[in-house]
Each structure stands twice: as structure tokens, then as C-alpha cells.
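Q: query19.pdb is reproduced below (PDB, C-alpha atoms, pLDDT in the B column).
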ATOM      1  CA  MET R   1     -95.207 126.145 -39.136  1.00 69.00           C
ATOM      2  CA  GLU R   2     -92.672 128.111 -37.124  1.00 77.00           C
ATOM      3  CA  GLN R   3     -89.708 126.249 -35.657  1.00 87.00           C
ATOM      4  CA  PRO R   4     -90.271 125.592 -31.923  1.00 91.00           C
ATOM      5  CA  LYS R   5     -87.750 127.028 -29.451  1.00 92.00           C
ATOM      6  CA  HIS R   6     -87.459 123.744 -27.530  1.00 94.00           C
ATOM      7  CA  LEU R   7     -87.514 120.075 -28.459  1.00 96.00           C
ATOM      8  CA  ILE R   8     -87.892 117.193 -26.031  1.00 97.00           C
ATOM      9  CA  PHE R   9     -87.181 113.668 -27.268  1.00 97.00           C
ATOM     10  CA  VAL R  10     -88.219 110.804 -24.963  1.00 97.00           C
ATOM     11  CA  CYS R  11     -86.688 107.388 -25.546  1.00 96.00           C
ATOM     12  CA  GLN R  12     -89.291 104.821 -26.593  1.00 96.00           C
ATOM     13  CA  ASN R  13     -86.897 101.914 -27.115  1.00 94.00           C
ATOM     14  CA  LEU R  14     -88.035  98.443 -26.025  1.00 93.00           C
ATOM     15  CA  ARG R  15     -85.587  95.581 -25.539  1.00 90.00           C
ATOM     16  CA  GLY R  16     -86.111  92.025 -24.433  1.00 88.00           C
ATOM     17  CA  GLU R  17     -86.508  91.393 -20.698  1.00 88.00           C
ATOM     18  CA  ALA R  18     -83.163  89.561 -20.538  1.00 91.00           C
ATOM     19  CA  ASP R  19     -81.117  92.548 -21.746  1.00 89.00           C
ATOM     20  CA  PRO R  20     -79.080  93.848 -18.782  1.00 87.00           C
ATOM     21  CA  ARG R  21     -79.314  97.466 -19.982  1.00 87.00           C
ATOM     22  CA  GLY R  22     -83.074  97.476 -19.641  1.00 86.00           C
ATOM     23  CA  SER R  23     -85.207  99.746 -21.797  1.00 90.00           C
ATOM     24  CA  CYS R  24     -87.003 103.036 -21.411  1.00 91.00           C
ATOM     25  CA  MET R  25     -90.349 101.619 -22.534  1.00 92.00           C
ATOM     26  CA  ALA R  26     -90.262  98.865 -19.907  1.00 91.00           C
ATOM     27  CA  ARG R  27     -89.535 101.555 -17.297  1.00 92.00           C
ATOM     28  CA  GLY R  28     -92.489 103.743 -18.334  1.00 93.00           C
ATOM     29  CA  GLY R  29     -91.189 105.814 -21.245  1.00 94.00           C
ATOM     30  CA  SER R  30     -94.582 105.915 -22.951  1.00 95.00           C
ATOM     31  CA  ASP R  31     -96.204 107.271 -19.758  1.00 95.00           C
ATOM     32  CA  LEU R  32     -93.531 109.966 -19.509  1.00 96.00           C
ATOM     33  CA  LEU R  33     -94.089 110.973 -23.138  1.00 97.00           C
ATOM     34  CA  ALA R  34     -97.852 111.149 -22.580  1.00 96.00           C
ATOM     35  CA  GLN R  35     -97.353 113.284 -19.440  1.00 95.00           C
ATOM     36  CA  LEU R  36     -95.124 115.721 -21.331  1.00 96.00           C
ATOM     37  CA  LYS R  37     -97.646 116.021 -24.143  1.00 96.00           C
ATOM     38  CA  ARG R  38    -100.501 116.593 -21.667  1.00 95.00           C
ATOM     39  CA  ARG R  39     -98.548 119.261 -19.817  1.00 95.00           C
ATOM     40  CA  ARG R  40     -97.571 120.984 -23.063  1.00 96.00           C
ATOM     41  CA  ALA R  41    -101.251 121.122 -24.082  1.00 96.00           C
ATOM     42  CA  GLU R  42    -102.382 122.351 -20.641  1.00 96.00           C
ATOM     43  CA  LEU R  43     -99.888 125.219 -20.804  1.00 95.00           C
ATOM     44  CA  GLY R  44    -100.628 126.078 -24.455  1.00 95.00           C
ATOM     45  CA  LEU R  45     -96.999 125.586 -25.507  1.00 95.00           C
ATOM     46  CA  LYS R  46     -97.591 123.863 -28.840  1.00 91.00           C
ATOM     47  CA  LYS R  47     -95.778 126.592 -30.822  1.00 92.00           C
ATOM     48  CA  ARG R  48     -92.842 126.889 -28.396  1.00 93.00           C
ATOM     49  CA  LEU R  49     -92.272 123.220 -27.609  1.00 95.00           C
ATOM     50  CA  ARG R  50     -92.249 120.028 -29.638  1.00 96.00           C
ATOM     51  CA  VAL R  51     -92.411 116.748 -27.676  1.00 97.00           C
ATOM     52  CA  MET R  52     -91.589 113.528 -29.531  1.00 97.00           C
ATOM     53  CA  GLY R  53     -90.806 109.915 -28.928  1.00 97.00           C
ATOM     54  CA  SER R  54     -87.465 108.716 -30.250  1.00 97.00           C
ATOM     55  CA  SER R  55     -85.609 105.519 -30.824  1.00 95.00           C
ATOM     56  CA  CYS R  56     -82.786 104.628 -28.418  1.00 93.00           C
ATOM     57  CA  LEU R  57     -80.914 107.654 -27.059  1.00 94.00           C
ATOM     58  CA  GLY R  58     -78.033 105.439 -25.938  1.00 89.00           C
ATOM     59  CA  ALA R  59     -78.026 106.083 -22.178  1.00 90.00           C
ATOM     60  CA  CYS R  60     -79.939 102.890 -21.437  1.00 84.00           C
ATOM     61  CA  GLU R  61     -78.569 102.278 -17.944  1.00 84.00           C
ATOM     62  CA  SER R  62     -79.682 105.785 -16.938  1.00 87.00           C
ATOM     63  CA  GLY R  63     -83.370 104.920 -16.582  1.00 88.00           C
ATOM     64  CA  ILE R  64     -86.011 106.666 -18.671  1.00 93.00           C
ATOM     65  CA  THR R  65     -84.004 109.132 -20.731  1.00 95.00           C
ATOM     66  CA  ALA R  66     -84.927 112.357 -22.502  1.00 96.00           C
ATOM     67  CA  LEU R  67     -82.951 114.720 -24.690  1.00 96.00           C
ATOM     68  CA  VAL R  68     -83.863 118.398 -24.392  1.00 95.00           C
ATOM     69  CA  VAL R  69     -82.705 120.753 -27.152  1.00 94.00           C
ATOM     70  CA  GLY R  70     -83.057 124.466 -26.524  1.00 89.00           C
ATOM     71  CA  ALA R  71     -81.166 127.700 -27.048  1.00 84.00           C
ATOM     72  CA  ASP R  72     -78.258 126.416 -24.921  1.00 84.00           C
ATOM     73  CA  GLY R  73     -77.893 123.245 -26.995  1.00 90.00           C
ATOM     74  CA  PRO R  74     -78.667 119.629 -26.103  1.00 93.00           C
ATOM     75  CA  ALA R  75     -78.896 118.171 -22.591  1.00 93.00           C
ATOM     76  CA  PHE R  76     -79.650 114.600 -21.556  1.00 94.00           C
ATOM     77  CA  TYR R  77     -81.716 113.776 -18.479  1.00 94.00           C
ATOM     78  CA  GLY R  78     -82.036 110.329 -16.881  1.00 93.00           C
ATOM     79  CA  ARG R  79     -84.132 108.434 -14.348  1.00 91.00           C
ATOM     80  CA  LEU R  80     -87.150 110.518 -15.229  1.00 93.00           C
ATOM     81  CA  ASP R  81     -90.683 110.067 -13.898  1.00 88.00           C
ATOM     82  CA  PRO R  82     -93.936 112.084 -14.124  1.00 81.00           C
ATOM     83  CA  SER R  83     -92.822 114.719 -11.581  1.00 79.00           C
ATOM     84  CA  SER R  84     -89.527 115.275 -13.367  1.00 87.00           C
ATOM     85  CA  ALA R  85     -91.481 115.446 -16.635  1.00 88.00           C
ATOM     86  CA  ASP R  86     -93.284 118.488 -15.258  1.00 91.00           C
ATOM     87  CA  ALA R  87     -89.916 119.925 -14.226  1.00 91.00           C
ATOM     88  CA  LEU R  88     -88.573 119.462 -17.784  1.00 92.00           C
ATOM     89  CA  ILE R  89     -91.249 121.810 -19.052  1.00 93.00           C
ATOM     90  CA  ASP R  90     -91.409 124.150 -16.044  1.00 91.00           C
ATOM     91  CA  GLU R  91     -87.668 124.639 -15.725  1.00 89.00           C
ATOM     92  CA  CYS R  92     -86.234 124.192 -19.236  1.00 88.00           C
ATOM     93  CA  VAL R  93     -89.033 125.762 -21.246  1.00 89.00           C
ATOM     94  CA  LEU R  94     -90.807 128.225 -18.952  1.00 91.00           C
ATOM     95  CA  LEU R  95     -87.886 129.326 -16.747  1.00 88.00           C
ATOM     96  CA  GLY R  96     -85.160 128.839 -19.356  1.00 85.00           C
ATOM     97  CA  ALA R  97     -82.722 126.881 -17.168  1.00 84.00           C
ATOM     98  CA  PRO R  98     -82.715 123.660 -15.171  1.00 83.00           C
ATOM     99  CA  GLY R  99     -83.588 124.229 -11.526  1.00 85.00           C
ATOM    100  CA  PRO R 100     -83.004 122.043  -8.489  1.00 82.00           C
ATOM    101  CA  GLU R 101     -85.256 119.164  -9.611  1.00 80.00           C
ATOM    102  CA  LEU R 102     -83.640 118.813 -13.021  1.00 87.00           C
ATOM    103  CA  ARG R 103     -80.037 119.385 -11.990  1.00 86.00           C
ATOM    104  CA  ARG R 104     -80.237 116.026 -10.206  1.00 86.00           C
ATOM    105  CA  HIS R 105     -81.410 114.341 -13.410  1.00 91.00           C
ATOM    106  CA  ARG R 106     -78.917 115.979 -15.793  1.00 90.00           C
ATOM    107  CA  LEU R 107     -76.506 113.434 -17.240  1.00 90.00           C
ATOM    108  CA  PRO R 108     -72.930 114.706 -17.650  1.00 89.00           C
ATOM    109  CA  PRO R 109     -72.105 115.346 -21.331  1.00 89.00           C
ATOM    110  CA  GLU R 110     -68.757 113.571 -21.009  1.00 89.00           C
ATOM    111  CA  ASN R 111     -70.387 110.372 -19.668  1.00 87.00           C
ATOM    112  CA  LEU R 112     -74.128 109.853 -20.094  1.00 84.00           C
ATOM    113  CA  LEU R 113     -73.954 106.730 -17.935  1.00 81.00           C
ATOM    114  CA  ASP R 114     -72.578 108.597 -14.883  1.00 81.00           C
ATOM    115  CA  LEU R 115     -75.472 108.497 -12.409  1.00 75.00           C
ATOM    116  CA  SER R 116     -73.582 110.067  -9.489  1.00 78.00           C
ATOM    117  CA  ALA R 117     -75.889 113.115  -9.421  1.00 69.00           C
ATOM    118  CA  LEU R 118     -78.818 110.753  -8.899  1.00 68.00           C
ATOM    119  CA  GLU R 119     -77.319 108.635  -6.115  1.00 65.00           C
ATOM    120  CA  GLY R 120     -79.182 108.771  -2.846  1.00 53.00           C
ATOM    121  CA  GLY R 121     -82.254 110.473  -4.316  1.00 49.00           C
ATOM    122  CA  ALA R 122     -85.803 109.181  -4.096  1.00 42.00           C
ATOM    123  CA  ASP R 123     -85.974 108.748  -7.869  1.00 41.00           C
ATOM    124  CA  ALA R 124     -82.865 106.567  -7.890  1.00 38.00           C
ATOM    125  CA  ASP R 125     -84.231 104.418  -5.091  1.00 37.00           C
ATOM    126  CA  SER R 126     -87.674 104.018  -6.676  1.00 39.00           C
ATOM    127  CA  GLN R 127     -86.189 103.116 -10.057  1.00 40.00           C
ATOM    128  CA  GLU R 128     -83.776 100.533  -8.610  1.00 39.00           C
ATOM    129  CA  GLY R 129     -84.615  97.065  -9.834  1.00 38.00           C
ATOM    130  CA  GLN R 130     -86.787  98.317 -12.702  1.00 39.00           C
ATOM    131  CA  SER R 131     -84.133  97.675 -15.335  1.00 37.00           C
ATOM    132  CA  THR R 132     -85.967  94.879 -17.111  1.00 33.00           C
TER     133      THR R 132
END
Output the file's structure as C-alpha cells, nothing else.
A:
Amino acid sequence: MEQPKHLIFVCQNLRGEADPRGSCMARGGSDLLAQLKRRRAELGLKKRLRVMGSSCLGACESGITALVVGADGPAFYGRLDPSSADALIDECVLLGAPGPELRRHRLPPENLLDLSALEGGADADSQEGQST
């Protein structure tokens, strides 16, 4: 097997409902992982892209979180949903760089809990209150 050019890890951590940080699984992390795998299959990217579930990625307050590793190194994305899952593949893998959809979801490397890029967006509003 040849090494894929891109890796996407989707947090699959599940915490108790009382934990204030919430958890990616309670927010829909398994659905996001399934969407990424479906999209990868539809586009025939199995050799170029590996999509995997992971244990906690550590940016729990940032909604459903994914780590994308490509030629430019690692990048974390937060508050993901099915439409941003498509953007992860379309922009990072097919186009080679995050476009307008993903730039909003990119978590700053110096502070993965800084959600300022997400403030005021539809994704941020729809995810509010889902931190169980």
C-alpha cells in the first residue's frame, strides 16, 4: 500500500453529558466521519486520502474537530458539519488549499480553542447549545 498524500482524523471521543467541554461524538462526530468516508469513495480518492476516527484531539470546546495532515503539515478544523466535511475534501485534497468555507473553520495553531473565526457564522449559531 502506498502512503496517502492526505490524512483526515475526526474526533470520536465521547464524554459524559455533564462534562462542560462536551464531546465530538455527542455533537455528531460519527456522522461527520461517515460523510467523509462516503465522499472519499464517491470521488475515488482511496489511494490519495485516508479518513480515520481518532480519540480526543484536545480542542473539545471547538465543536466537532478534525485534524487534516497534508503536504503543508497539520491543520485543525472545528465546528464541522456535513457541508464543511465536503469542503475538507474539496478544498484540502482536490484543490490543495483551504478555500473560503474552510478558512472559517480553521483553528489557529497557537490556540486551538480560539473560535473567533467562527463567530457570527451560521455554523457557530447552529452548534450553540449542542455542547453536551
Q: Draw an axis-aligned box over all listed atoms of range 72-91 of chain R, pad each side with 6 Å, and write its centre and edge lengths in Å, one decimal, as AutoDock Vina command-line options.
A:
--center_x -85.9 --center_y 117.4 --center_z -19.3 --size_x 28.0 --size_y 30.0 --size_z 27.4
Q: Have a look at CA of Ala85 in chain R and CA of Leu32 in chain R and let me know their distance in Å, one decimal.
A: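 According to the coordinates, CA of Ala85 in chain R and CA of Leu32 in chain R are separated by 6.5 Å.
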Q: Which residues would end up in the selection if the PyMOL selection byres ((chain R and resi 77) around 8) were applied here, given that I need the answer as number ranges by chain?
A: R: 65-68, 75-76, 78-80, 102, 105-107
Q: Compare R:Glu61, R:Glu17, R:Asp72, R:Asp81 by their minimum atom-to-atom distance to Asp114 in chain R, counting only C-alpha atoms, and give me the closest one.
A: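 Of R:Glu61, R:Glu17, R:Asp72, R:Asp81, the one nearest Asp114 in chain R is R:Glu61, counting only C-alpha atoms.
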Q: Point out the residue among R:Pro109, R:Ala59, R:His6, R:Val51 with the least atom-to-atom distance to Ala97 in chain R, counting all atoms listed in the file.
A: R:His6
Q: Please compute the CA of Pro4 in chain R-CA of Cys92 in chain R distance, one decimal, in Å.
A: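 The value is 13.4 Å.
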Q: In Å, with one decimal, what is the gap from CA of Arg27 in chain R to CA of Asp86 in chain R?
A: 17.5 Å
Q: Considering all atoms listed in the file, return as a VMD selection string whatever protein or nucleic-acid residues lie within 8 Å of Cys24 in chain R, sequence-local ones (same chain, fewer than 6 positions apart) excluded.
A: chain R and resid 11 to 14 60 63 to 65
Q: Which one of R:Val93, R:Leu88, R:Leu57, R:Val10 sits closest to Leu45 in chain R if you count only C-alpha atoms?
A: R:Val93
Q: In terms of the shortest atom-to-atom distance over only C-alpha atoms, which of R:Leu95, R:Ala87, R:Cys56, R:Ala71 is closest to Gly29 in chain R?
A: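 Checking each candidate against Gly29 in chain R, we get R:Cys56 as the closest.
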Q: Of the candidates R:Asp19, R:Asp90, R:Glu2, R:Glu110, which shows the shortest atom-to-atom distance to Arg39 in chain R, using all atoms listed in the file?
A: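 Residue with the minimum atom-to-atom distance to Arg39 in chain R: R:Asp90.
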Q: Counting only C-alpha atoms, which of R:Ser54, R:Pro74, R:Ala34, R:Leu7 gets nearest to Pro108 in chain R?
A: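 Of R:Ser54, R:Pro74, R:Ala34, R:Leu7, the one nearest Pro108 in chain R is R:Pro74, counting only C-alpha atoms.
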